[in-house]
Each structure stands twice: as C-alpha cells, then as structure tokens.
$ cat structure-v4.txt   # compact mmCIF, C-alpha atoms and all ligand atoms
# COMPACT_ATOMS: atom_id res chain seq x y z
CA MET F 1 12.57 -26.92 -1.14
CA PRO F 2 11.06 -25.33 1.97
CA LEU F 3 12.13 -21.83 2.83
CA SER F 4 14.58 -21.86 5.69
CA PRO F 5 13.29 -19.84 8.63
CA SER F 6 15.01 -16.53 9.18
CA LEU F 7 17.33 -15.88 12.09
CA ASP F 8 14.89 -13.68 13.93
CA SER F 9 11.97 -16.05 13.96
CA TRP F 10 12.38 -17.81 17.29
CA GLN F 11 9.55 -17.93 19.76
CA VAL F 12 10.27 -18.02 23.49
CA VAL F 13 7.96 -20.09 25.67
CA ILE F 14 8.25 -19.36 29.39
CA VAL F 15 7.04 -22.32 31.45
CA LYS F 16 6.31 -21.96 35.16
CA HIS F 17 6.69 -25.38 36.73
CA GLY F 18 7.00 -24.57 40.43
CA THR F 19 6.43 -21.98 43.11
CA ARG F 20 7.29 -21.14 46.67
CA SER F 21 6.02 -18.64 49.18
CA THR F 22 8.73 -16.93 51.22
CA THR F 23 9.67 -13.51 52.65
CA ARG F 24 11.57 -10.52 51.31
CA SER F 25 14.19 -10.98 54.02
CA ASP F 26 14.78 -14.51 52.77
CA ALA F 27 14.78 -13.58 49.08
CA TYR F 28 17.24 -10.68 49.26
CA MET F 29 20.77 -10.65 50.58
CA ASN F 30 21.18 -8.62 53.80
CA TYR F 31 17.65 -7.30 53.47
CA ALA F 32 17.89 -5.51 56.84
CA PHE F 33 20.42 -3.10 55.28
CA TYR F 34 17.62 -1.47 53.27
CA GLY F 35 15.72 -0.46 56.39
CA GLU F 36 12.40 -1.58 54.94
CA PRO F 37 9.70 -3.73 56.54
CA ASP F 38 9.73 -7.41 55.75
CA GLY F 39 6.84 -8.92 53.81
CA PRO F 40 5.70 -11.92 51.83
CA HIS F 41 7.52 -12.78 48.63
CA ARG F 42 6.63 -15.30 45.97
CA LEU F 43 9.31 -17.06 44.01
CA ASP F 44 8.32 -18.92 40.86
CA TYR F 45 10.39 -21.51 39.02
CA TYR F 46 10.71 -21.53 35.25
CA LEU F 47 12.26 -23.21 32.28
CA TRP F 48 12.34 -21.80 28.79
CA VAL F 49 11.73 -23.33 25.38
CA LEU F 50 12.83 -21.73 22.10
CA ARG F 51 10.90 -22.81 19.00
CA ARG F 52 11.48 -22.03 15.35
CA GLY F 53 9.62 -24.16 12.83
CA ASP F 54 10.39 -27.70 13.98
CA GLU F 55 13.56 -26.66 15.79
CA VAL F 56 13.63 -26.64 19.57
CA VAL F 57 16.20 -25.43 22.08
CA ILE F 58 15.55 -26.12 25.75
CA VAL F 59 16.95 -23.66 28.29
CA ASP F 60 17.17 -25.29 31.72
CA THR F 61 15.22 -28.30 32.90
CA GLY F 62 13.63 -27.23 36.19
CA TYR F 63 13.86 -29.21 39.39
CA SER F 64 13.05 -32.87 39.75
CA ARG F 65 9.91 -33.82 41.63
CA GLU F 66 12.11 -35.50 44.27
CA GLU F 67 14.26 -32.39 44.88
CA GLY F 68 11.20 -30.14 44.84
CA VAL F 69 9.38 -32.19 47.47
CA ARG F 70 12.53 -32.54 49.59
CA ARG F 71 12.93 -28.75 49.65
CA GLY F 72 9.26 -27.95 50.19
CA ARG F 73 8.77 -26.47 46.71
CA GLU F 74 5.40 -26.87 45.09
CA VAL F 75 5.41 -28.82 41.83
CA LEU F 76 2.85 -27.12 39.57
CA ILE F 77 3.69 -29.42 36.68
CA ASP F 78 6.52 -31.86 36.14
CA PRO F 79 8.88 -30.10 33.68
CA ILE F 80 8.99 -33.19 31.46
CA ASP F 81 5.17 -33.31 31.34
CA ALA F 82 5.16 -29.60 30.44
CA LEU F 83 7.53 -30.26 27.54
CA ARG F 84 5.36 -33.15 26.35
CA GLU F 85 2.34 -30.80 26.41
CA LEU F 86 4.35 -28.59 24.03
CA GLY F 87 4.86 -31.61 21.78
CA ILE F 88 8.49 -32.02 22.77
CA ASP F 89 9.99 -35.47 23.28
CA PRO F 90 12.91 -35.18 25.74
CA GLU F 91 14.68 -38.00 23.91
CA ALA F 92 14.52 -36.27 20.52
CA GLY F 93 18.04 -34.88 20.93
CA HIS F 94 17.15 -31.18 21.07
CA PRO F 95 19.98 -29.01 22.39
CA VAL F 96 19.74 -28.24 26.11
CA VAL F 97 21.33 -25.14 27.63
CA VAL F 98 22.24 -25.28 31.32
CA THR F 99 22.39 -21.66 32.48
CA HIS F 100 23.93 -22.78 35.78
CA ALA F 101 24.12 -25.95 37.81
CA HIS F 102 21.67 -25.22 40.64
CA TYR F 103 19.10 -27.92 41.43
CA ASP F 104 16.22 -25.83 40.08
CA HIS F 105 17.88 -25.48 36.68
CA ILE F 106 19.46 -28.91 36.05
CA GLY F 107 16.90 -31.29 37.58
CA ASN F 108 15.53 -33.88 35.14
CA ILE F 109 18.63 -33.52 32.92
CA GLU F 110 18.94 -37.32 32.79
CA ALA F 111 15.73 -37.43 30.71
CA PHE F 112 17.57 -35.73 27.80
CA ARG F 113 19.71 -38.77 27.02
CA ARG F 114 20.41 -37.87 23.41
CA SER F 115 20.79 -34.10 23.70
CA PRO F 116 23.91 -32.02 23.38
CA VAL F 117 24.15 -30.13 26.68
CA PHE F 118 25.72 -26.66 26.74
CA ILE F 119 27.33 -25.36 29.93
CA ALA F 120 30.03 -22.75 30.64
CA ARG F 121 33.43 -24.27 31.41
CA GLU F 122 33.74 -22.27 34.63
CA GLU F 123 30.39 -23.58 35.80
CA PHE F 124 31.13 -27.24 35.04
CA GLU F 125 34.60 -27.11 36.55
CA PHE F 126 33.30 -25.39 39.67
CA TRP F 127 30.58 -27.95 40.36
CA THR F 128 32.87 -30.91 39.70
CA GLY F 129 35.57 -29.40 41.92
CA GLU F 130 36.35 -29.27 45.63
CA MET F 131 35.04 -25.75 46.31
CA ALA F 132 31.45 -26.73 45.48
CA ARG F 133 31.43 -29.22 48.38
CA ARG F 134 31.11 -26.40 50.91
CA VAL F 135 27.62 -26.24 52.27
CA LEU F 136 26.99 -22.65 51.10
CA PHE F 137 27.36 -23.93 47.55
CA ALA F 138 26.38 -27.60 47.93
CA HIS F 139 22.98 -26.58 49.34
CA PHE F 140 21.98 -25.57 45.80
CA GLY F 141 23.35 -28.66 44.08
CA ASP F 142 21.69 -31.80 42.74
CA ARG F 143 24.12 -34.71 42.88
CA GLY F 144 22.02 -36.95 40.65
CA ALA F 145 21.78 -34.29 37.96
CA MET F 146 25.54 -33.63 38.20
CA ARG F 147 26.15 -37.33 37.58
CA ALA F 148 23.94 -37.05 34.50
CA LEU F 149 26.07 -34.11 33.30
CA GLU F 150 29.23 -36.16 33.84
CA GLU F 151 27.62 -38.98 31.89
CA ALA F 152 26.87 -36.55 29.06
CA GLN F 153 30.56 -35.66 29.13
CA ARG F 154 31.60 -39.33 28.89
CA GLU F 155 29.21 -39.79 25.99
CA GLY F 156 30.66 -36.78 24.19
CA ARG F 157 27.40 -34.79 24.44
CA LEU F 158 28.63 -32.10 26.81
CA ARG F 159 29.37 -28.85 24.97
CA VAL F 160 31.54 -26.89 27.35
CA PHE F 161 32.10 -23.30 26.22
CA ASP F 162 34.34 -20.48 27.41
CA ALA F 163 32.98 -16.96 26.82
CA GLU F 164 30.03 -17.65 24.56
CA VAL F 165 28.56 -20.13 22.14
CA GLU F 166 25.99 -20.00 19.36
CA VAL F 167 23.68 -22.93 20.07
CA ALA F 168 21.70 -22.29 16.89
CA PRO F 169 21.58 -19.34 14.50
CA GLY F 170 19.96 -16.52 16.50
CA VAL F 171 20.54 -18.17 19.90
CA LEU F 172 23.65 -16.98 21.73
CA VAL F 173 24.65 -18.18 25.19
CA ALA F 174 27.17 -16.07 27.15
CA ALA F 175 28.87 -16.84 30.46
CA VAL F 176 28.63 -13.83 32.78
CA GLY F 177 29.20 -15.25 36.28
CA GLY F 178 28.07 -13.48 39.43
CA HIS F 179 25.29 -15.67 40.80
CA THR F 180 27.44 -18.74 40.18
CA PRO F 181 30.98 -18.82 38.72
CA GLY F 182 29.73 -19.66 35.24
CA GLN F 183 26.18 -18.32 35.26
CA ALA F 184 25.09 -17.90 31.65
CA ILE F 185 22.52 -15.70 29.91
CA VAL F 186 20.84 -16.38 26.57
CA THR F 187 19.98 -13.88 23.85
CA VAL F 188 17.38 -14.96 21.32
CA GLU F 189 16.28 -13.25 18.11
CA THR F 190 12.48 -13.31 18.02
CA THR F 191 9.80 -11.72 15.86
CA GLU F 192 9.45 -9.08 18.62
CA GLY F 193 13.17 -8.30 18.64
CA THR F 194 16.08 -9.51 20.72
CA VAL F 195 15.05 -11.15 23.99
CA LEU F 196 17.47 -11.78 26.83
CA LEU F 197 16.86 -14.73 29.13
CA ALA F 198 18.71 -13.61 32.23
CA SER F 199 18.10 -16.81 34.20
CA ASP F 200 19.45 -16.16 37.71
CA ALA F 201 21.61 -13.20 36.73
CA VAL F 202 18.26 -11.54 37.61
CA HIS F 203 15.98 -13.49 39.94
CA PHE F 204 13.44 -10.65 40.29
CA HIS F 205 13.01 -7.50 38.21
CA GLU F 206 13.36 -5.46 41.39
CA GLU F 207 17.08 -6.34 41.39
CA MET F 208 17.52 -4.47 38.12
CA GLU F 209 15.26 -1.59 39.14
CA ARG F 210 16.69 -1.04 42.63
CA ASP F 211 20.20 -2.50 42.42
CA MET F 212 19.43 -5.24 44.92
CA LEU F 213 20.81 -8.76 44.96
CA PHE F 214 19.35 -12.17 45.64
CA GLN F 215 20.30 -13.90 48.91
CA SER F 216 22.95 -16.12 47.38
CA MET F 217 25.46 -14.67 44.92
CA ALA F 218 28.93 -16.16 44.45
CA ASP F 219 30.64 -12.89 43.45
CA LEU F 220 29.05 -9.61 44.56
CA PRO F 221 30.99 -7.04 42.44
CA ARG F 222 30.54 -9.25 39.38
CA SER F 223 26.81 -9.57 40.12
CA PHE F 224 26.42 -5.77 40.11
CA GLU F 225 28.46 -5.52 36.89
CA VAL F 226 26.13 -8.05 35.29
CA LEU F 227 23.10 -5.96 36.33
CA GLU F 228 24.73 -2.92 34.69
CA ARG F 229 25.45 -4.89 31.56
CA LEU F 230 21.87 -6.11 31.36
CA ARG F 231 20.41 -2.63 31.90
CA ALA F 232 22.49 -1.43 28.92
CA ALA F 233 21.65 -4.40 26.71
CA PRO F 234 19.87 -3.46 23.46
CA VAL F 235 16.98 -5.87 23.92
CA VAL F 236 13.18 -5.62 23.96
CA HIS F 237 12.68 -7.89 26.97
CA ILE F 238 14.76 -9.19 29.83
CA VAL F 239 13.21 -12.35 31.23
CA SER F 240 14.02 -13.00 34.89
CA GLY F 241 14.81 -16.32 36.52
CA HIS F 242 12.21 -16.30 39.30
CA ASP F 243 9.99 -13.17 39.25
CA SER F 244 6.39 -14.11 40.07
CA GLY F 245 5.19 -11.41 37.66
CA GLU F 246 7.05 -12.82 34.67
CA LEU F 247 4.18 -14.59 32.90
CA GLY F 248 1.98 -11.50 33.21
CA ARG F 249 4.46 -9.46 31.16
CA HIS F 250 4.00 -11.63 28.08
CA THR F 251 1.34 -13.37 25.98
CA ALA F 252 -0.53 -16.07 27.89
CA LEU F 253 -0.40 -19.51 26.32
CA GLU F 254 -3.81 -21.18 26.15
CA GLY F 255 -4.50 -24.88 26.33
CA ALA F 256 -3.11 -27.54 28.64
CA LEU F 257 -0.44 -25.17 29.97
CA GLY F 258 -2.94 -22.34 30.53
CA GLY F 259 -1.86 -20.28 33.54
CA LEU F 260 1.58 -21.87 33.50
CA ALA F 261 3.10 -20.53 30.30
CA ALA F 262 3.52 -17.41 28.19
CA THR F 263 5.13 -16.70 24.85
CA ILE F 264 7.26 -13.97 23.31
CA GLY F 265 7.20 -13.68 19.53
CA GLU F 266 5.50 -15.76 16.88
CA ARG F 267 6.41 -19.31 16.06
CA ARG F 268 7.42 -19.47 12.38
ZN ZN F 301 17.18 -20.51 40.15
$ encode --input "structure-v4.txt" --output "structure tokens"
Amino acid sequence: MPLSPSLDSWQVVIVKHGTRSTTRSDAYMNYAFYGEPDGPHRLDYYLWVLRRGDEVVIVDTGYSREEGVRRGREVLIDPIDALRELGIDPEAGHPVVVTHAHYDHIGNIEAFRRSPVFIAREEFEFWTGEMARRVLFAHFGDRGAMRALEEAQREGRLRVFDAEVEVAPGVLVAAVGGHTPGQAIVTVETTEGTVLLASDAVHFHEEMERDMLFQSMADLPRSFEVLERLRAAPVVHIVSGHDSGELGRHTALEGALGGLAATIGERR
C-alpha cells in the first residue's frame, strides 16, 4: 500500500496568465489623499494550483480570453492551456475554489464541468442577488461564468460554505469579506510551512506594508481588519492577488510555463 502523503506536503504553483499596465492613481483608492506623485503601475493576473502527489486543487480560474480582450487585458497564456501544461485536465473533477466572483477569478469556470466548486455563501448570494446589478459591482462580473456557477449548483457540484471549509486535508478556505462580500483566503500546508493565498484581500504587497487599499473594495473597515488579520497570521508567505513582483518572490518554474509560473514548497 502506498504511503499516504502527509498533511504538510502541498506544493503551491502560482501561474501568471495575464497582465495590464496602469497607473498608481487607478490602482489605489483615493490615491490623491496620499499626496504622492502618480506613476506607472503593473497589475498581473494569477491563478493558483495546489499539488500533492496526484491530488490537485485549483484556486481560481483566471479570466476568459473573451473578457480579457473586451477589457483590454493582455492574455499571456489561456488559463486552461496553462493547466494542461501542468498536466491537469480541467474535466478530471479536481476541486475548484472560487475566492470571489470577479471576472478575473471565475472566467473559464465552465471548463470544469465535473468539479466540485467551493464558494462562500455570502459571495454566491451577493452575485446572484439584486445588489450586484449596480454598475459599481456589475463592472467586475462575468455573466457567462455566473451562469456556469448556477449550473454547478443545479448539478449539485456547488459547495457553498459559511465561515470556512476544508477542501482537502491541509487546505483551508476562509471567508473574510472586504474586497467583495464573501472574499475568501486559502491557507495551505506546504513543505516550506503554512502559505496564505490572499487572493484579492491583498492585491499588492504595498497594501499590507503601507495600509493602502485597492481602488474597489466593498467594505472599507472590513478590508482594513482583513489586512490586520493577515499581518498577524502565522504563515511563511502571503501570496497577493495581483502584485507584479509575486513570481520573483518564489522559485521559478522551468519548462513550458517558464517566466509565467513559480512554486512554493516541494511536490510530494
Ligand atoms: Zn482580481
């Protein structure tokens, strides 16, 4: 009988699938309040893959090519192609975590037709409700992907959770809110220690370092509380949702995804 892998043997793969060049005044909320000069700002788009032996958990699914082009985002690699390069078949039924329902995190979700899909109850109810129709929210939505989530619900594959859920041993997803009503973060036990995937609870590391917030946050006091919680978290790495320096903080992945991916921890 093969030895079962231990809890702390996940590997995180950070995949950069898109990018966009913008300004600091566009990236940060009320940037003029800081009294600093404006300047260029790069925003990268990621999804995350957790691997342990043959097990795979997918955290977010990027934006679809169609949404990316429509919004002027550069597609560096189609997220589904990136997963295939990692040897992952989207139809294999691997669990998918949706950290929040913005277009750049739930695009392509329809490709995961057999997967259980985990999303916070507050997040799902918000995006299927009336409030989300207002343009300040709807701007970030992806109607096609939401229909795919509703289809997952009809098929009994949607795993809606309240405070937190263990997707697999060593992989905990917690709803924290702030950026969106049910924004979730993921803690993963790796060979390097506990890693926290902040998703868009932290777009850029500067938010944590300087107590700044991204341009669009649903609940400001909650967003600051989440930053405090993350600063106090007993983890070895916090992985941001969009920081252009993220790959450089970790181990570059060679091969077909060279330049577009990095790893944390060993794959066992
Ligand atoms: Zn995002």
$ closest_residue --input "structure-v4.txt" --among "F:Ala148, F:Ala111, F:Val171, F:Ala101" --to "ligand ZN 301 (chain F)" --atoms "only C-alpha atoms and all ligand atoms"
F:Ala101
$ residues_near_ligand --input "structure-v4.txt" --ligand "ligand ZN 301 (chain F)" --cutoff "12 Å" --atoms "only C-alpha atoms and all ligand atoms" --output "PyMOL selection string"
chain F and resi 18-20+27+43-47+60-63+98-107+140-141+179-180+183-184+198-204+214-217+240-243
$ closest_residue --input "structure-v4.txt" --among "F:Leu50, F:Met208, F:Glu67, F:Ile88" --to "F:Ala232" --atoms "only C-alpha atoms"
F:Met208
$ closest_residue --input "structure-v4.txt" --among "F:Pro169, F:Gly39, F:Gly68, F:Gly182" --to "F:Phe118" --atoms "only C-alpha atoms"
F:Gly182
$ atom_distance --input "structure-v4.txt" --atom1 "atom CA of F:Phe161" --atom2 "atom CA of F:Phe124"
9.7 Å
$ atom_distance --input "structure-v4.txt" --atom1 "atom CA of F:Ser25" --atom2 "atom CA of F:Asp38"
6.0 Å
$ atom_distance --input "structure-v4.txt" --atom1 "atom CA of F:Pro37" --atom2 "atom CA of F:Val135"
29.1 Å
$ closest_residue --input "structure-v4.txt" --among "F:Pro181, F:Pro221, F:Glu246, F:Ala163" --to "F:Gly129" --atoms "all atoms listed in the file"
F:Pro181
$ residues_around --input "structure-v4.txt" --residues "F:Arg249" --least-positions-apart "3" --cutoff "12 Å" --atoms "all atoms listed in the file" --output "PDB file with C-alpha atoms, in the frame of the given file"
ATOM      1  CA  ILE F  14       8.250 -19.360  29.390  1.00  0.00           C
ATOM      2  CA  HIS F 205      13.010  -7.500  38.210  1.00  0.00           C
ATOM      3  CA  VAL F 236      13.180  -5.620  23.960  1.00  0.00           C
ATOM      4  CA  HIS F 237      12.680  -7.890  26.970  1.00  0.00           C
ATOM      5  CA  ILE F 238      14.760  -9.190  29.830  1.00  0.00           C
ATOM      6  CA  VAL F 239      13.210 -12.350  31.230  1.00  0.00           C
ATOM      7  CA  SER F 240      14.020 -13.000  34.890  1.00  0.00           C
ATOM      8  CA  ASP F 243       9.990 -13.170  39.250  1.00  0.00           C
ATOM      9  CA  SER F 244       6.390 -14.110  40.070  1.00  0.00           C
ATOM     10  CA  GLY F 245       5.190 -11.410  37.660  1.00  0.00           C
ATOM     11  CA  GLU F 246       7.050 -12.820  34.670  1.00  0.00           C
ATOM     12  CA  ALA F 252      -0.530 -16.070  27.890  1.00  0.00           C
ATOM     13  CA  ALA F 261       3.100 -20.530  30.300  1.00  0.00           C
ATOM     14  CA  ALA F 262       3.520 -17.410  28.190  1.00  0.00           C
ATOM     15  CA  THR F 263       5.130 -16.700  24.850  1.00  0.00           C
ATOM     16  CA  ILE F 264       7.260 -13.970  23.310  1.00  0.00           C
TER      17      ILE F 264
END
$ residues_around --input "structure-v4.txt" --residues "F:Pro234" --least-positions-apart "5" --cutoff "10 Å" --atoms "only C-alpha atoms" --output "VMD selection string"
chain F and resid 193 to 196 229
$ residues_near_point --input "structure-v4.txt" --point "(8.9, -17.2, 17.0)" --cutoff "9 Å" --atoms "all atoms listed in the file" --output "MDAnalysis selection string"
chainID F and resid 8:12 50:53 189:192 263:268
$ residues_around --input "structure-v4.txt" --residues "F:Arg159" --least-positions-apart "6" --cutoff "7 Å" --atoms "all atoms listed in the file" --output "number ranges by chain"
F: 116-119
$ closest_residue --input "structure-v4.txt" --among "F:Glu125, F:Glu66, F:Asp219, F:Asp54" --to "F:Met146" --atoms "all atoms listed in the file"
F:Glu125
$ residues_around --input "structure-v4.txt" --residues "F:Asp81" --least-positions-apart "3" --cutoff "12 Å" --atoms "all atoms listed in the file" --output "ChimeraX atom specification"
/F:15,17,61-62,64-65,75-78,84-90,108,111,256-257
$ write_last_selection --input "structure-v4.txt" --atoms "C-alpha atoms" --output "compact mmCIF listing (two decimals), keeping the file's coordinate frame"
# COMPACT_ATOMS: atom_id res chain seq x y z
CA VAL F 15 7.04 -22.32 31.45
CA HIS F 17 6.69 -25.38 36.73
CA THR F 61 15.22 -28.30 32.90
CA GLY F 62 13.63 -27.23 36.19
CA SER F 64 13.05 -32.87 39.75
CA ARG F 65 9.91 -33.82 41.63
CA VAL F 75 5.41 -28.82 41.83
CA LEU F 76 2.85 -27.12 39.57
CA ILE F 77 3.69 -29.42 36.68
CA ASP F 78 6.52 -31.86 36.14
CA ARG F 84 5.36 -33.15 26.35
CA GLU F 85 2.34 -30.80 26.41
CA LEU F 86 4.35 -28.59 24.03
CA GLY F 87 4.86 -31.61 21.78
CA ILE F 88 8.49 -32.02 22.77
CA ASP F 89 9.99 -35.47 23.28
CA PRO F 90 12.91 -35.18 25.74
CA ASN F 108 15.53 -33.88 35.14
CA ALA F 111 15.73 -37.43 30.71
CA ALA F 256 -3.11 -27.54 28.64
CA LEU F 257 -0.44 -25.17 29.97
$ closest_residue --input "structure-v4.txt" --among "F:Glu55, F:Glu207, F:Glu122, F:Asp26" --to "F:Ala175" --atoms "only C-alpha atoms"
F:Glu122
